[in-house]
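Coordinates from run.cif are shown below (mmCIF, C-alpha atoms (C1' of nucleotides); chains and numbers go by the auth columns).
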data_target
loop_
_atom_site.group_PDB
_atom_site.id
_atom_site.type_symbol
_atom_site.label_atom_id
_atom_site.label_comp_id
_atom_site.label_asym_id
_atom_site.label_seq_id
_atom_site.Cartn_x
_atom_site.Cartn_y
_atom_site.Cartn_z
_atom_site.B_iso_or_equiv
_atom_site.auth_seq_id
_atom_site.auth_asym_id
ATOM 1 C CA MET A 1 0.000 0.000 0.000 0.00 1 A
ATOM 2 C CA ARG A 2 1.078 3.574 -0.539 0.00 2 A
ATOM 3 C CA LYS A 3 2.362 5.633 2.323 0.00 3 A
ATOM 4 C CA GLN A 4 -0.159 8.416 1.768 0.00 4 A
ATOM 5 C CA ASP A 5 -3.000 5.924 2.257 0.00 5 A
ATOM 6 C CA VAL A 6 -1.875 4.943 5.742 0.00 6 A
ATOM 7 C CA LYS A 7 -4.380 6.510 8.120 0.00 7 A
ATOM 8 C CA THR A 8 -5.088 4.089 10.981 0.00 8 A
ATOM 9 C CA GLU A 9 -3.092 2.019 13.459 0.00 9 A
ATOM 10 C CA GLU A 10 -4.032 -1.080 11.500 0.00 10 A
ATOM 11 C CA ASP A 11 -2.667 0.541 8.348 0.00 11 A
ATOM 12 C CA ILE A 12 0.577 1.264 10.129 0.00 12 A
ATOM 13 C CA ALA A 13 0.978 -2.325 11.255 0.00 13 A
ATOM 14 C CA ARG A 14 0.223 -3.521 7.735 0.00 14 A
ATOM 15 C CA TYR A 15 2.581 -1.055 6.082 0.00 15 A
ATOM 16 C CA LEU A 16 5.296 -2.103 8.525 0.00 16 A
ATOM 17 C CA GLU A 17 4.888 -5.796 7.837 0.00 17 A
ATOM 18 C CA GLY A 18 8.351 -7.305 7.944 0.00 18 A
ATOM 19 C CA TRP A 19 9.557 -4.813 10.550 0.00 19 A
ATOM 20 C CA SER A 20 10.012 -5.971 14.146 0.00 20 A
ATOM 21 C CA ASP A 21 7.178 -5.796 16.681 0.00 21 A
ATOM 22 C CA PHE A 22 9.241 -3.320 18.643 0.00 22 A
ATOM 23 C CA GLU A 23 9.375 -0.914 15.716 0.00 23 A
ATOM 24 C CA LYS A 24 5.659 -1.252 15.007 0.00 24 A
ATOM 25 C CA ALA A 25 4.905 -0.532 18.678 0.00 25 A
ATOM 26 C CA VAL A 26 7.059 2.578 18.585 0.00 26 A
ATOM 27 C CA TYR A 27 5.340 4.011 15.524 0.00 27 A
ATOM 28 C CA VAL A 28 1.842 3.167 16.752 0.00 28 A
ATOM 29 C CA ALA A 29 2.528 4.765 20.134 0.00 29 A
ATOM 30 C CA THR A 30 3.831 7.880 18.421 0.00 30 A
ATOM 31 C CA PHE A 31 0.783 7.936 16.144 0.00 31 A
ATOM 32 C CA ARG A 32 -1.423 8.199 19.250 0.00 32 A
ATOM 33 C CA ILE A 33 0.152 11.456 20.447 0.00 33 A
ATOM 34 C CA PRO A 34 -2.520 14.156 19.939 0.00 34 A
ATOM 35 C CA ARG A 35 -1.856 17.346 17.965 0.00 35 A
ATOM 36 C CA GLY A 36 -0.522 20.145 20.089 0.00 36 A
ATOM 37 C CA MET A 37 1.130 17.827 22.577 0.00 37 A
ATOM 38 C CA VAL A 38 4.400 15.927 22.772 0.00 38 A
ATOM 39 C CA SER A 39 5.967 12.956 24.491 0.00 39 A
ATOM 40 C CA THR A 40 9.528 11.929 25.237 0.00 40 A
ATOM 41 C CA TYR A 41 11.598 8.982 24.080 0.00 41 A
ATOM 42 C CA GLY A 42 11.585 7.622 27.598 0.00 42 A
ATOM 43 C CA ARG A 43 7.816 7.889 27.957 0.00 43 A
ATOM 44 C CA VAL A 44 7.211 6.213 24.608 0.00 44 A
ATOM 45 C CA ALA A 45 9.533 3.434 25.700 0.00 45 A
ATOM 46 C CA LYS A 46 7.565 3.042 28.918 0.00 46 A
ATOM 47 C CA THR A 47 4.290 3.047 26.997 0.00 47 A
ATOM 48 C CA ILE A 48 5.278 0.099 24.844 0.00 48 A
ATOM 49 C CA GLY A 49 6.465 -1.872 27.857 0.00 49 A
ATOM 50 C CA ARG A 50 10.211 -1.242 27.514 0.00 50 A
ATOM 51 C CA PRO A 51 10.951 1.392 30.224 0.00 51 A
ATOM 52 C CA LYS A 52 14.672 1.344 29.509 0.00 52 A
ATOM 53 C CA ALA A 53 14.602 1.270 25.739 0.00 53 A
ATOM 54 C CA SER A 54 14.648 5.023 25.161 0.00 54 A
ATOM 55 C CA ARG A 55 17.729 4.854 22.974 0.00 55 A
ATOM 56 C CA ALA A 56 16.248 2.139 20.821 0.00 56 A
ATOM 57 C CA VAL A 57 13.091 4.262 20.463 0.00 57 A
ATOM 58 C CA ALA A 58 15.178 7.187 19.287 0.00 58 A
ATOM 59 C CA ASN A 59 16.995 5.006 16.777 0.00 59 A
ATOM 60 C CA THR A 60 13.701 3.744 15.434 0.00 60 A
ATOM 61 C CA LEU A 61 12.064 7.152 15.058 0.00 61 A
ATOM 62 C CA HIS A 62 15.159 8.458 13.323 0.00 62 A
ATOM 63 C CA ALA A 63 14.270 6.213 10.409 0.00 63 A
ATOM 64 C CA ASN A 64 10.558 7.060 10.440 0.00 64 A
ATOM 65 C CA PRO A 65 9.272 5.730 7.086 0.00 65 A
ATOM 66 C CA LEU A 66 5.797 7.194 7.665 0.00 66 A
ATOM 67 C CA TRP A 67 6.355 10.893 8.146 0.00 67 A
ATOM 68 C CA PRO A 68 4.143 12.913 8.529 0.00 68 A
ATOM 69 C CA THR A 69 1.493 10.265 9.144 0.00 69 A
ATOM 70 C CA VAL A 70 3.450 9.232 12.217 0.00 70 A
ATOM 71 C CA PRO A 71 4.276 12.558 13.938 0.00 71 A
ATOM 72 C CA CYS A 72 7.806 11.769 15.039 0.00 72 A
ATOM 73 C CA HIS A 73 8.367 15.501 15.557 0.00 73 A
ATOM 74 C CA ARG A 74 6.160 15.270 18.656 0.00 74 A
ATOM 75 C CA VAL A 75 8.704 13.079 20.421 0.00 75 A
ATOM 76 C CA VAL A 76 11.482 14.977 22.169 0.00 76 A
ATOM 77 C CA CYS A 77 14.160 14.452 24.822 0.00 77 A
ATOM 78 C CA SER A 78 13.222 14.338 28.513 0.00 78 A
ATOM 79 C CA ASP A 79 14.394 17.928 28.978 0.00 79 A
ATOM 80 C CA GLY A 80 12.256 19.190 26.115 0.00 80 A
ATOM 81 C CA SER A 81 15.088 19.650 23.642 0.00 81 A
ATOM 82 C CA PHE A 82 15.035 18.195 20.148 0.00 82 A
ATOM 83 C CA GLY A 83 17.776 15.662 19.695 0.00 83 A
ATOM 84 C CA GLY A 84 19.526 14.848 16.481 0.00 84 A
ATOM 85 C CA PRO A 85 21.297 16.696 13.658 0.00 85 A
ATOM 86 C CA ARG A 86 20.723 20.477 13.656 0.00 86 A
ATOM 87 C CA ASP A 87 18.838 20.500 10.350 0.00 87 A
ATOM 88 C CA HIS A 88 16.439 17.762 11.395 0.00 88 A
ATOM 89 C CA ALA A 89 15.916 19.317 14.810 0.00 89 A
ATOM 90 C CA ASN A 90 15.027 22.691 13.329 0.00 90 A
ATOM 91 C CA GLY A 91 12.419 21.212 11.034 0.00 91 A
ATOM 92 C CA ARG A 92 10.822 19.281 13.860 0.00 92 A
ATOM 93 C CA MET A 93 10.748 22.317 16.103 0.00 93 A
ATOM 94 C CA LYS A 94 9.048 24.319 13.358 0.00 94 A
ATOM 95 C CA HIS A 95 6.284 21.733 13.000 0.00 95 A
ATOM 96 C CA VAL A 96 5.734 21.497 16.739 0.00 96 A
ATOM 97 C CA ILE A 97 5.371 25.274 16.938 0.00 97 A
ATOM 98 C CA GLU A 98 2.916 25.274 14.043 0.00 98 A
ATOM 99 C CA GLU A 99 0.757 22.865 16.011 0.00 99 A
ATOM 100 C CA GLY A 100 0.566 25.361 18.829 0.00 100 A
ATOM 101 C CA THR A 101 2.935 23.688 21.263 0.00 101 A
ATOM 102 C CA PRO A 102 4.870 26.240 23.343 0.00 102 A
ATOM 103 C CA VAL A 103 8.610 26.284 22.686 0.00 103 A
ATOM 104 C CA VAL A 104 11.015 28.470 24.628 0.00 104 A
ATOM 105 C CA ASP A 105 14.710 28.842 23.934 0.00 105 A
ATOM 106 C CA GLY A 106 14.695 25.898 21.545 0.00 106 A
ATOM 107 C CA LYS A 107 13.000 23.593 24.030 0.00 107 A
ATOM 108 C CA VAL A 108 9.414 22.396 24.330 0.00 108 A
ATOM 109 C CA VAL A 109 7.748 23.572 27.541 0.00 109 A
ATOM 110 C CA LEU A 110 6.863 20.315 29.266 0.00 110 A
ATOM 111 C CA ASN A 111 3.855 20.430 31.610 0.00 111 A
ATOM 112 C CA LYS A 112 0.509 18.703 32.123 0.00 112 A
ATOM 113 C CA ASP A 113 -0.961 20.481 29.093 0.00 113 A
ATOM 114 C CA THR A 114 1.790 19.677 26.608 0.00 114 A
ATOM 115 C CA LEU A 115 3.123 16.344 27.789 0.00 115 A
ATOM 116 C CA VAL A 116 1.048 13.251 27.189 0.00 116 A
ATOM 117 C "C1'" DC B 1 27.356 -14.417 18.770 0.00 117 B
ATOM 118 C "C1'" DC B 2 30.220 -10.287 19.554 0.00 118 B
ATOM 119 C "C1'" DC B 3 30.766 -5.343 18.537 0.00 119 B
ATOM 120 C "C1'" DG B 4 29.870 -0.557 17.386 0.00 120 B
ATOM 121 C "C1'" DT B 5 26.374 2.847 17.012 0.00 121 B
ATOM 122 C "C1'" DG B 6 23.041 6.336 18.574 0.00 122 B
ATOM 123 C "C1'" DA B 7 17.318 11.954 17.570 0.00 123 B
ATOM 124 C "C1'" DC B 8 18.287 8.803 25.465 0.00 124 B
ATOM 125 C "C1'" DC B 9 17.808 8.815 30.772 0.00 125 B
ATOM 126 C "C1'" DG B 10 18.767 9.436 35.576 0.00 126 B
ATOM 127 C "C1'" DA B 11 21.813 9.930 39.100 0.00 127 B
ATOM 128 C "C1'" DC B 12 25.652 12.141 40.658 0.00 128 B
ATOM 129 C "C1'" DT B 13 29.527 15.482 40.900 0.00 129 B
ATOM 130 C "C1'" DC C 1 23.040 24.436 37.257 0.00 130 C
ATOM 131 C "C1'" DA C 2 26.179 22.433 33.611 0.00 131 C
ATOM 132 C "C1'" DG C 3 29.029 18.545 32.624 0.00 132 C
ATOM 133 C "C1'" DT C 4 30.097 13.393 33.214 0.00 133 C
ATOM 134 C "C1'" DC C 5 29.257 8.579 33.521 0.00 134 C
ATOM 135 C "C1'" DG C 6 27.268 4.150 33.341 0.00 135 C
ATOM 136 C "C1'" DG C 7 23.451 1.637 31.954 0.00 136 C
ATOM 137 C "C1'" DC C 8 20.154 0.406 28.306 0.00 137 C
ATOM 138 C "C1'" DC C 9 18.395 -1.729 23.942 0.00 138 C
ATOM 139 C "C1'" DA C 10 17.352 -2.896 19.025 0.00 139 C
ATOM 140 C "C1'" DC C 11 19.770 -3.323 14.682 0.00 140 C
ATOM 141 C "C1'" DG C 12 23.135 -4.243 11.234 0.00 141 C
ATOM 142 C "C1'" DG C 13 27.682 -5.890 9.878 0.00 142 C
#
What is this structure when it is put down as structure tokens?
Amino acid sequence: MRKQDVKTEEDIARYLEGWSDFEKAVYVATFRIPRGMVSTYGRVAKTIGRPKASRAVANTLHANPLWPTVPCHRVVCSDGSFGGPRDHANGRMKHVIEEGTPVVDGKVVLNKDTLV
DNA sequence: CCCGTGACCGACT
DNA sequence: CAGTCGGCCACGG
């Protein structure tokens, strides 16, 4: 199926057939993050039952094959900063801001209203 | 099966 | 409060 036709969690799992369960879980969890809010690598890891797999989550999202269907830009570091190469980080920050999420000094403001 | 590689995290100087 | 350090984990070679 074509990437632009992926619109549900089931679609994601189908599109990712052949990928590991871990990777599917990461993308599905990220897909659930509502617009205007963010989550952190650590929290996503916890959500999918792998509390200590934050690094693996980051690795997985780095290769997000379903952008922008899967909003990987809504996943940031635990301190609110955007990890990764400068160019990628800037783009992600721009999208987060466009969705109305508060960003101060290059970092997302993490509180009960912005953090899932 | 061992090893290097990260878009990380939390605790501890 | 900024910088370090060790632990963590999936993946690919």
Per-residue nearest contacts of chain B to chain A (8 Å; all atoms listed in the file) as CSV:
residue,atom,partner,partner_atom,distance
B:DG122,C1',A:Asn59,CA,6.4
B:DA123,C1',A:Gly84,CA,3.8
B:DC124,C1',A:Arg55,CA,4.7
B:DC125,C1',A:Gly42,CA,7.1
* Report as a list in words the set of chain C residues whose atoms approach chain A to within 6 Å, with distances computed over only C-alpha atoms (C1' of nucleotides). =>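 Here is what falls inside 6 Å: DC137, DC138 and DA139 of chain C.
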* Asked: Please, what distance in Å, to one decimal, runs between atom CA of A:Ala13 and atom C1' of C:DG142?
  -> 27.0 Å
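Restricting the calculation to only C-alpha atoms, the smallest distance between A:Asp5 and any of A:Val104, A:Leu110, A:Leu66, A:Ile97 is found for A:Leu66.
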* To do: Would you kindly return, as a ChimeraX atom specification, each protein, DNA or RNA residue with an atom no farther than 12 Å from any atom of B:DA127, considering all atoms listed in the file and excluding same-chain residues fewer than 3 positions away?
  => /C:133-136
* To do: Using the chain letters and numbers from the file, give me the residues hit by the PyMOL selection byres ((chain C and resi 130) around 12), as number ranges by chain.
  => B: 129; C: 131-132
